[in-house]
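First comes the structure, then the notes that go with it.
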Amino acid sequence: MRILLIGATGKLGTAVHKALSGRGHEVRTVGRSAGDLRHDITDPAGVAALYAAAGPVDAVVSAAGDVPFKPLADLAPEDYLAGFRGKVLSQIELVRQGIPHVAERGSFTLITGVLSREPVPTGAAASMANGAVEAFVRAAAIEIAPRRINAISPTVFTESLADYGDYFPGMPPVNVADVAQAYVRSVEGAQTGQVYELP
């Protein structure tokens, strides 16, 4: 398959790239400042430019999404908007604009996270964004068929515990390689409208 991978240079994106290319897929990497194609997906015009440059693909895979983490009392309307643009609208645009560019039986795989179901202090904007992406995936699945769409919803990565473990007390971590396998499942499988929770 020809696959577009957004956020390919991050910890997750690197693992997803390795997993998909290791299975023989042609993976084109996308990032703001690194990758085969360099576009800002938080800008709808950047998404349009990305698809114009990429040509037809079989799958679009997102491993990117920025949200602010602050105590609830400190979150301003601009913070929620930043989280919405950084993780929700950017991925919605990948789907909205991508439909004509993705093969009829192709797929989209988006990223959410554990905070949609297990909130933590300072994570309200992230919980909002993750929940919105998951709701969108379920809704889009019934309208874009035979194209498919799923979301990957991991907890904190084992490889990131030193930096972020304190934000996820008592939550079991997941190896980033295992998360990458969920992307393989979404891309190569037959399900749609699913949220793959890890662990």
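Ordering of the structure tokens sets the chain letters (A, B, ...); residue numbers start at 1 within each chain; ligands are numbered from 1 in the order shown.
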Tell me which protein, DNA and RNA residues are within 9 Å of Ala125 (chain A), counting only C-alpha atoms, leaving out same-chain ones fewer than 5 positions away, and put them as a PyMOL selection string.
chain A and resi 67-70+72+75+79-84+130
Would you mind exporting the chosen residues as a CSV table (one decimal), in the first residue's frame, restricted to all heavy atoms?
```csv
chain,number,residue,atom,x,y,z
A,67,VAL,N,-1.8,19.3,22.2
A,67,VAL,CA,-2.7,19.9,23.2
A,67,VAL,C,-2.0,20.4,24.3
A,67,VAL,O,-1.0,19.9,24.8
A,67,VAL,CB,-3.8,18.8,23.6
A,67,VAL,CG1,-4.7,18.4,22.5
A,67,VAL,CG2,-3.1,17.6,24.2
A,68,PRO,N,-2.5,21.5,24.9
A,68,PRO,CA,-1.9,22.1,26.1
A,68,PRO,C,-2.3,21.4,27.4
A,68,PRO,O,-3.4,20.9,27.5
A,68,PRO,CB,-2.5,23.5,26.1
A,68,PRO,CG,-3.8,23.5,25.5
A,68,PRO,CD,-3.7,22.4,24.4
A,69,PHE,N,-1.4,21.3,28.3
A,69,PHE,CA,-1.7,20.7,29.6
A,69,PHE,C,-1.5,21.8,30.7
A,69,PHE,O,-0.4,22.3,30.9
A,69,PHE,CB,-0.7,19.5,29.9
A,69,PHE,CG,-1.1,18.3,29.2
A,69,PHE,CD1,-0.8,18.1,27.9
A,69,PHE,CD2,-1.7,17.3,29.9
A,69,PHE,CE1,-1.2,16.9,27.3
A,69,PHE,CE2,-2.1,16.1,29.3
A,69,PHE,CZ,-1.8,15.9,28.0
A,70,LYS,N,-2.6,22.1,31.4
A,70,LYS,CA,-2.6,23.1,32.4
A,70,LYS,C,-3.7,22.8,33.4
A,70,LYS,O,-4.7,22.1,33.0
A,70,LYS,CB,-2.9,24.5,31.8
A,70,LYS,CG,-1.9,25.1,30.9
A,70,LYS,CD,-2.4,26.5,30.5
A,70,LYS,CE,-1.4,27.2,29.5
A,70,LYS,NZ,-1.9,28.5,29.0
A,72,LEU,N,-7.1,23.2,35.3
A,72,LEU,CA,-8.3,23.6,34.7
A,72,LEU,C,-8.5,25.1,34.9
A,72,LEU,O,-9.0,25.8,34.0
A,72,LEU,CB,-9.5,22.8,35.3
A,72,LEU,CG,-10.9,23.1,34.7
A,72,LEU,CD1,-10.9,22.6,33.3
A,72,LEU,CD2,-11.9,22.4,35.6
A,75,LEU,N,-6.7,27.2,32.3
A,75,LEU,CA,-7.0,27.0,30.9
A,75,LEU,C,-8.0,28.1,30.4
A,75,LEU,O,-9.1,28.2,30.9
A,75,LEU,CB,-7.7,25.6,30.6
A,75,LEU,CG,-6.8,24.4,30.6
A,75,LEU,CD1,-7.6,23.1,30.7
A,75,LEU,CD2,-5.9,24.4,29.4
A,79,ASP,N,-6.7,28.2,25.0
A,79,ASP,CA,-6.1,26.9,25.2
A,79,ASP,C,-6.9,25.8,24.6
A,79,ASP,O,-6.4,24.9,24.0
A,79,ASP,CB,-5.8,26.7,26.7
A,79,ASP,CG,-4.7,27.6,27.2
A,79,ASP,OD1,-3.7,27.8,26.6
A,79,ASP,OD2,-5.0,28.2,28.3
A,80,TYR,N,-8.2,25.9,24.9
A,80,TYR,CA,-9.1,24.9,24.3
A,80,TYR,C,-9.1,24.9,22.8
A,80,TYR,O,-9.1,23.9,22.1
A,80,TYR,CB,-10.5,25.0,24.9
A,80,TYR,CG,-10.7,24.6,26.3
A,80,TYR,CD1,-10.8,25.6,27.3
A,80,TYR,CD2,-10.7,23.3,26.7
A,80,TYR,CE1,-10.9,25.2,28.7
A,80,TYR,CE2,-10.8,22.9,28.0
A,80,TYR,CZ,-10.9,23.9,29.0
A,80,TYR,OH,-11.0,23.5,30.3
A,81,LEU,N,-9.1,26.1,22.3
A,81,LEU,CA,-9.1,26.3,20.8
A,81,LEU,C,-7.8,25.7,20.2
A,81,LEU,O,-7.8,25.1,19.2
A,81,LEU,CB,-9.3,27.7,20.4
A,81,LEU,CG,-10.7,28.3,20.6
A,81,LEU,CD1,-10.7,29.8,20.3
A,81,LEU,CD2,-11.6,27.6,19.6
A,82,ALA,N,-6.7,25.9,20.9
A,82,ALA,CA,-5.4,25.4,20.5
A,82,ALA,C,-5.4,23.9,20.5
A,82,ALA,O,-4.9,23.2,19.5
A,82,ALA,CB,-4.3,25.9,21.4
A,83,GLY,N,-6.0,23.3,21.5
A,83,GLY,CA,-6.1,21.8,21.6
A,83,GLY,C,-7.0,21.3,20.5
A,83,GLY,O,-6.8,20.3,19.9
A,84,PHE,N,-8.1,22.1,20.2
A,84,PHE,CA,-9.0,21.6,19.2
A,84,PHE,C,-8.4,21.7,17.8
A,84,PHE,O,-8.5,20.8,17.0
A,84,PHE,CB,-10.3,22.5,19.2
A,84,PHE,CG,-11.3,22.1,18.2
A,84,PHE,CD1,-12.2,21.0,18.4
A,84,PHE,CD2,-11.5,22.8,17.0
A,84,PHE,CE1,-13.1,20.6,17.5
A,84,PHE,CE2,-12.4,22.4,16.0
A,84,PHE,CZ,-13.2,21.3,16.3
A,130,ASN,N,-9.4,14.4,22.7
A,130,ASN,CA,-9.4,12.9,22.4
A,130,ASN,C,-10.9,12.4,22.3
A,130,ASN,O,-11.2,11.7,21.4
A,130,ASN,CB,-8.7,12.2,23.6
A,130,ASN,CG,-7.3,12.4,23.6
A,130,ASN,OD1,-6.7,12.8,22.6
A,130,ASN,ND2,-6.6,12.1,24.7
```
Using DSSP on the backbone, list every residue of region 53-152 of chain A that comes out as helix (DSSP H, G or I), and give them as a ChimeraX atom specification.
/A:53-54,72-74,77-101,114-116,124-141
Selected residues written out with N, CA and C atoms, as a short mmCIF file (atom, residue, chain, number, x, y, z; two decimals), in the first residue's frame:
```
data_model
loop_
_atom_site.label_atom_id
_atom_site.label_comp_id
_atom_site.auth_asym_id
_atom_site.auth_seq_id
_atom_site.Cartn_x
_atom_site.Cartn_y
_atom_site.Cartn_z
N ALA A 53 0.45 17.31 -3.28
CA ALA A 53 1.81 16.83 -3.48
C ALA A 53 1.90 15.30 -3.42
N ALA A 54 1.05 14.70 -2.61
CA ALA A 54 1.16 13.25 -2.36
C ALA A 54 0.58 12.40 -3.47
N LEU A 72 -7.07 23.16 35.29
CA LEU A 72 -8.33 23.62 34.72
C LEU A 72 -8.54 25.12 34.93
N ALA A 73 -8.20 25.60 36.12
CA ALA A 73 -8.41 27.02 36.43
C ALA A 73 -7.56 27.94 35.56
N ASP A 74 -6.50 27.39 35.00
CA ASP A 74 -5.59 28.20 34.17
C ASP A 74 -5.87 28.07 32.68
N PRO A 77 -9.96 30.13 27.07
CA PRO A 77 -10.60 29.71 25.83
C PRO A 77 -9.61 29.44 24.71
N GLU A 78 -8.55 30.25 24.66
CA GLU A 78 -7.53 30.07 23.62
C GLU A 78 -6.83 28.72 23.74
N ASP A 79 -6.69 28.22 24.98
CA ASP A 79 -6.05 26.92 25.17
C ASP A 79 -6.93 25.79 24.60
N TYR A 80 -8.22 25.88 24.87
CA TYR A 80 -9.12 24.86 24.33
C TYR A 80 -9.13 24.92 22.80
N LEU A 81 -9.13 26.14 22.25
CA LEU A 81 -9.09 26.27 20.80
C LEU A 81 -7.79 25.72 20.23
N ALA A 82 -6.68 25.95 20.94
CA ALA A 82 -5.40 25.41 20.49
C ALA A 82 -5.43 23.89 20.49
N GLY A 83 -6.01 23.28 21.52
CA GLY A 83 -6.14 21.84 21.58
C GLY A 83 -7.05 21.31 20.49
N PHE A 84 -8.12 22.05 20.21
CA PHE A 84 -9.04 21.63 19.16
C PHE A 84 -8.37 21.69 17.80
N ARG A 85 -7.66 22.80 17.53
CA ARG A 85 -6.97 22.91 16.24
C ARG A 85 -5.83 21.91 16.14
N GLY A 86 -5.09 21.73 17.23
CA GLY A 86 -3.89 20.91 17.19
C GLY A 86 -4.13 19.42 17.08
N LYS A 87 -5.27 18.96 17.62
CA LYS A 87 -5.50 17.50 17.61
C LYS A 87 -6.80 17.09 16.93
N VAL A 88 -7.81 17.93 16.99
CA VAL A 88 -9.12 17.55 16.45
C VAL A 88 -9.28 18.03 15.01
N LEU A 89 -9.29 19.34 14.82
CA LEU A 89 -9.56 19.88 13.49
C LEU A 89 -8.50 19.44 12.49
N SER A 90 -7.25 19.36 12.92
CA SER A 90 -6.18 18.93 12.01
C SER A 90 -6.46 17.53 11.48
N GLN A 91 -6.90 16.62 12.35
CA GLN A 91 -7.16 15.25 11.91
C GLN A 91 -8.47 15.15 11.13
N ILE A 92 -9.46 15.95 11.53
CA ILE A 92 -10.71 15.99 10.76
C ILE A 92 -10.42 16.45 9.33
N GLU A 93 -9.55 17.45 9.19
CA GLU A 93 -9.21 17.94 7.85
C GLU A 93 -8.50 16.87 7.03
N LEU A 94 -7.66 16.05 7.68
CA LEU A 94 -7.02 14.95 6.96
C LEU A 94 -8.06 14.03 6.33
N VAL A 95 -9.15 13.81 7.05
CA VAL A 95 -10.21 12.94 6.54
C VAL A 95 -11.08 13.70 5.53
N ARG A 96 -11.54 14.87 5.91
CA ARG A 96 -12.45 15.64 5.06
C ARG A 96 -11.85 15.87 3.67
N GLN A 97 -10.62 16.35 3.66
CA GLN A 97 -9.98 16.63 2.38
C GLN A 97 -9.40 15.38 1.74
N GLY A 98 -9.18 14.34 2.54
CA GLY A 98 -8.52 13.16 2.03
C GLY A 98 -9.40 12.18 1.28
N ILE A 99 -10.70 12.26 1.49
CA ILE A 99 -11.60 11.27 0.90
C ILE A 99 -11.38 11.10 -0.61
N PRO A 100 -11.28 12.19 -1.38
CA PRO A 100 -11.08 11.99 -2.83
C PRO A 100 -9.70 11.44 -3.20
N HIS A 101 -8.77 11.49 -2.28
CA HIS A 101 -7.39 11.08 -2.57
C HIS A 101 -7.06 9.67 -2.08
N VAL A 114 -5.60 7.92 26.11
CA VAL A 114 -6.28 7.40 27.29
C VAL A 114 -7.11 8.45 28.02
N LEU A 115 -6.75 9.73 27.87
CA LEU A 115 -7.44 10.76 28.65
C LEU A 115 -8.90 10.96 28.25
N SER A 116 -9.30 10.39 27.12
CA SER A 116 -10.73 10.45 26.78
C SER A 116 -11.56 9.61 27.74
N ALA A 124 -7.61 18.45 31.01
CA ALA A 124 -8.97 18.68 30.52
C ALA A 124 -9.02 18.96 29.03
N ALA A 125 -8.08 19.77 28.53
CA ALA A 125 -8.09 20.08 27.10
C ALA A 125 -7.79 18.83 26.27
N ALA A 126 -6.88 17.99 26.77
CA ALA A 126 -6.55 16.75 26.07
C ALA A 126 -7.73 15.79 26.09
N SER A 127 -8.42 15.69 27.23
CA SER A 127 -9.60 14.83 27.32
C SER A 127 -10.67 15.28 26.33
N MET A 128 -10.87 16.59 26.26
CA MET A 128 -11.84 17.15 25.31
C MET A 128 -11.46 16.77 23.87
N ALA A 129 -10.20 16.98 23.53
CA ALA A 129 -9.75 16.72 22.16
C ALA A 129 -9.85 15.24 21.82
N ASN A 130 -9.40 14.38 22.72
CA ASN A 130 -9.43 12.94 22.44
C ASN A 130 -10.86 12.45 22.27
N GLY A 131 -11.74 12.90 23.16
CA GLY A 131 -13.14 12.50 23.05
C GLY A 131 -13.78 12.96 21.76
N ALA A 132 -13.42 14.16 21.32
CA ALA A 132 -13.97 14.68 20.06
C ALA A 132 -13.50 13.86 18.87
N VAL A 133 -12.22 13.50 18.86
CA VAL A 133 -11.70 12.70 17.74
C VAL A 133 -12.40 11.34 17.70
N GLU A 134 -12.58 10.72 18.86
CA GLU A 134 -13.22 9.40 18.89
C GLU A 134 -14.67 9.48 18.43
N ALA A 135 -15.39 10.52 18.83
CA ALA A 135 -16.76 10.69 18.37
C ALA A 135 -16.81 10.91 16.86
N PHE A 136 -15.87 11.69 16.36
CA PHE A 136 -15.82 11.93 14.92
C PHE A 136 -15.55 10.63 14.16
N VAL A 137 -14.66 9.81 14.66
CA VAL A 137 -14.34 8.54 13.98
C VAL A 137 -15.58 7.68 13.87
N ARG A 138 -16.34 7.58 14.93
CA ARG A 138 -17.55 6.75 14.91
C ARG A 138 -18.57 7.31 13.92
N ALA A 139 -18.69 8.63 13.88
CA ALA A 139 -19.66 9.25 12.97
C ALA A 139 -19.21 9.15 11.53
N ALA A 140 -17.92 9.40 11.28
CA ALA A 140 -17.42 9.38 9.91
C ALA A 140 -17.50 7.99 9.30
N ALA A 141 -17.34 6.97 10.13
CA ALA A 141 -17.32 5.59 9.63
C ALA A 141 -18.59 5.24 8.88
#
```
Contacts of region 79-127 of chain A with region 147-170 of chain A up to 6 Å, shortest pair per row, only C-alpha atoms, as CSV:
```
residue,atom,partner,partner_atom,distance
A:Glu104,CA,A:Arg147,CA,5.6
A:Arg105,CA,A:Arg147,CA,4.7
A:Gly106,CA,A:Arg147,CA,5.1
A:Ser107,CA,A:Arg148,CA,4.5
A:Phe108,CA,A:Ile149,CA,4.6
A:Thr109,CA,A:Asn150,CA,5.0
A:Leu110,CA,A:Ala151,CA,4.6
A:Ile111,CA,A:Ile152,CA,5.0
A:Thr112,CA,A:Ser153,CA,4.8
A:Gly113,CA,A:Ser153,CA,4.0
A:Val114,CA,A:Thr155,CA,4.8
```
With a distance cut-off of 9 Å and only C-alpha atoms, select the neighbouring residues of region 5-20 of chain A, excluding the residue or stretch itself and same-chain residues fewer than 2 positions from it, and output the selection as JSON, numbers by chain.
{"A": [3, 22, 23, 24, 25, 26, 27, 28, 29, 30, 31, 32, 34, 35, 41, 59, 60, 61, 62, 63, 64, 65, 157, 159, 160, 176, 177, 179, 180, 181, 183, 184, 187]}
If you run DSSP on the backbone, which residues of region 47-143 of chain A are strand (DSSP E or B), as a list in words?
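Output for region 47-143 of chain A, strand (DSSP E or B) only: Val57, Asp58, Ala59, Val60, Val61, Ser62, Val102, Ala103, Glu104, Arg105, Gly106, Ser107, Phe108, Thr109, Leu110 and Ile111 of chain A.
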Keeping C-alpha atoms, export the residues of the selection given above as a short mmCIF file (atom, residue, chain, number, x, y, z; two decimals), in the first residue's frame.
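again_4.cif, written as the output of this step:
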```
data_model
loop_
_atom_site.label_atom_id
_atom_site.label_comp_id
_atom_site.auth_asym_id
_atom_site.auth_seq_id
_atom_site.Cartn_x
_atom_site.Cartn_y
_atom_site.Cartn_z
CA VAL A 57 -2.80 6.88 -1.54
CA ASP A 58 -4.26 3.76 0.05
CA ALA A 59 -4.11 4.91 3.66
CA VAL A 60 -3.58 8.02 5.76
CA VAL A 61 -2.10 7.49 9.21
CA SER A 62 -1.82 10.20 11.86
CA VAL A 102 -7.71 7.78 -0.67
CA ALA A 103 -8.48 4.56 -2.53
CA GLU A 104 -12.10 3.44 -2.45
CA ARG A 105 -11.30 0.68 0.05
CA GLY A 106 -8.54 2.63 1.75
CA SER A 107 -8.45 3.85 5.32
CA PHE A 108 -7.71 6.61 7.79
CA THR A 109 -6.16 5.98 11.20
CA LEU A 110 -6.21 8.82 13.74
CA ILE A 111 -4.62 9.22 17.17
#
```
Rounded to one decimal in Å, what is the spacing between CA of Met1 (chain A) and CA of Leu198 (chain A)?
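Computed distance, CA of Met1 (chain A) to CA of Leu198 (chain A), equals 24.9 Å.
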